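Peer 1: Shown below is the structure under consideration.
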Amino acid sequence: QVQLVESGGGLVQAGGSLRLSCAASGRTFITYAMGWFRQAPGKEREFVVGISWSGLNTDYTDSVKGRFTISRDNRKNTVSLQMDSLRPEDTAIYYCAAARGLQSDYVPQSSSEYDDWGQGTQVTVSS
């Protein structure tokens with residue numbers, strides 16, 4: 001099990017950028033696939049992006065492709081989400097999640113595949 005703490009959320013105008021970070025505790029972070037999910041008011045939590053524990057594979061939901069970039073630093077036990085060209089529809093609570101016991105290059109997309117979750121950080125994009 002890992003504990004996850006997100007940071008970096010805030011209020012930004014449309015077209016702006018934010019960088020979210022997720023700090024993980026635990027010695028086995030390197031073997032966890034990591035993902036970011038988001039949940040907007042009145043909507044279900046949705047997959048945004050994931051990265052395999054090898055770091056070699058990533059997967060993005062279509063609406064953020066070309067605008068968001070995920071990265072991980074296994075030495076620092078962190079995963080980051082660079083969000084550019086933000087839109088009002090990106091407004092949501094963003095959650096960091098960790099999945100263990102998977103193949104090194106696999107990117108889980110379903111929330112049920114993730115074992116540990118952060119508390120979330122609010123991202124608000126004004127028009």
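Lettering and numbering for the structure tokens are positional, with chains as A, B, ... in the shown order, residues counted from 1 in each chain, and ligands counted from 1 in the shown order.
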Within 7 Å of region 30-35 of chain A, which residues of region 53-102 of chain A come that close, and what is the closest atom pair and distance in Å for each? Count only C-alpha atoms and give it as a tab-separated table.
Peer 2:
residue	atom	partner	partner_atom	distance
A:Trp53	CA	A:Ala33	CA	4.3
A:Asn74	CA	A:Ile30	CA	5.6
A:Cys96	CA	A:Gly35	CA	5.8
A:Ala97	CA	A:Gly35	CA	5.1
A:Ala98	CA	A:Met34	CA	4.6
A:Ala99	CA	A:Ala33	CA	5.0
A:Arg100	CA	A:Tyr32	CA	4.7
Peer 1: Hey, could you make a per-residue contact list for region 32-91 of chain A against region 7-14 of chain A with 7 Å as the cut-off, showing the nearest pair of atoms and its distance in Å to one decimal, counting only C-alpha atoms, sorted by chain and number, as JSON lines?
Peer 2:
{"residue": "A:Ser85", "atom": "CA", "partner": "A:Ala14", "partner_atom": "CA", "distance": 7.0}
{"residue": "A:Leu86", "atom": "CA", "partner": "A:Ala14", "partner_atom": "CA", "distance": 5.3}
{"residue": "A:Arg87", "atom": "CA", "partner": "A:Ala14", "partner_atom": "CA", "distance": 5.0}
{"residue": "A:Pro88", "atom": "CA", "partner": "A:Ala14", "partner_atom": "CA", "distance": 6.2}
Peer 1: Can you pull out the residues contacting Val64 (chain A)? Cut-off 10 Å, using only C-alpha atoms, and skip same-chain residues under 3 positions away; I want them as a list of chain:residue names.
Peer 2: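 Returned residues: A:Val48, A:Val49, A:Tyr60, A:Thr61, A:Arg67, A:Phe68, A:Thr69, A:Met83, A:Asp84, A:Ser85, A:Leu86, A:Arg87, A:Asp90.
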Peer 1: Between A:Ile70, A:Val123, A:Ala92, A:Ala23, which is the closest to Arg45 (chain A) once you count only C-alpha atoms?
Peer 2: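 Selected residue with least distance to Arg45 (chain A): A:Ala92.
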Peer 1: Quick one: residues within 7 Å of Thr91 (chain A), only C-alpha atoms counted, chain neighbours fewer than 4 positions away excluded, as a PyMOL selection string?
Peer 2: chain A and resi 40+123-125
Peer 1: Identify, with DSSP run on backbone atoms, the residues in chain A assigned to strand (DSSP E or B), and express the list as a PyMOL selection string.
Peer 2: chain A and resi 4-7+10-13+18-24+33-39+46-51+58-60+68-73+78-83+92-99+116-117+121-126
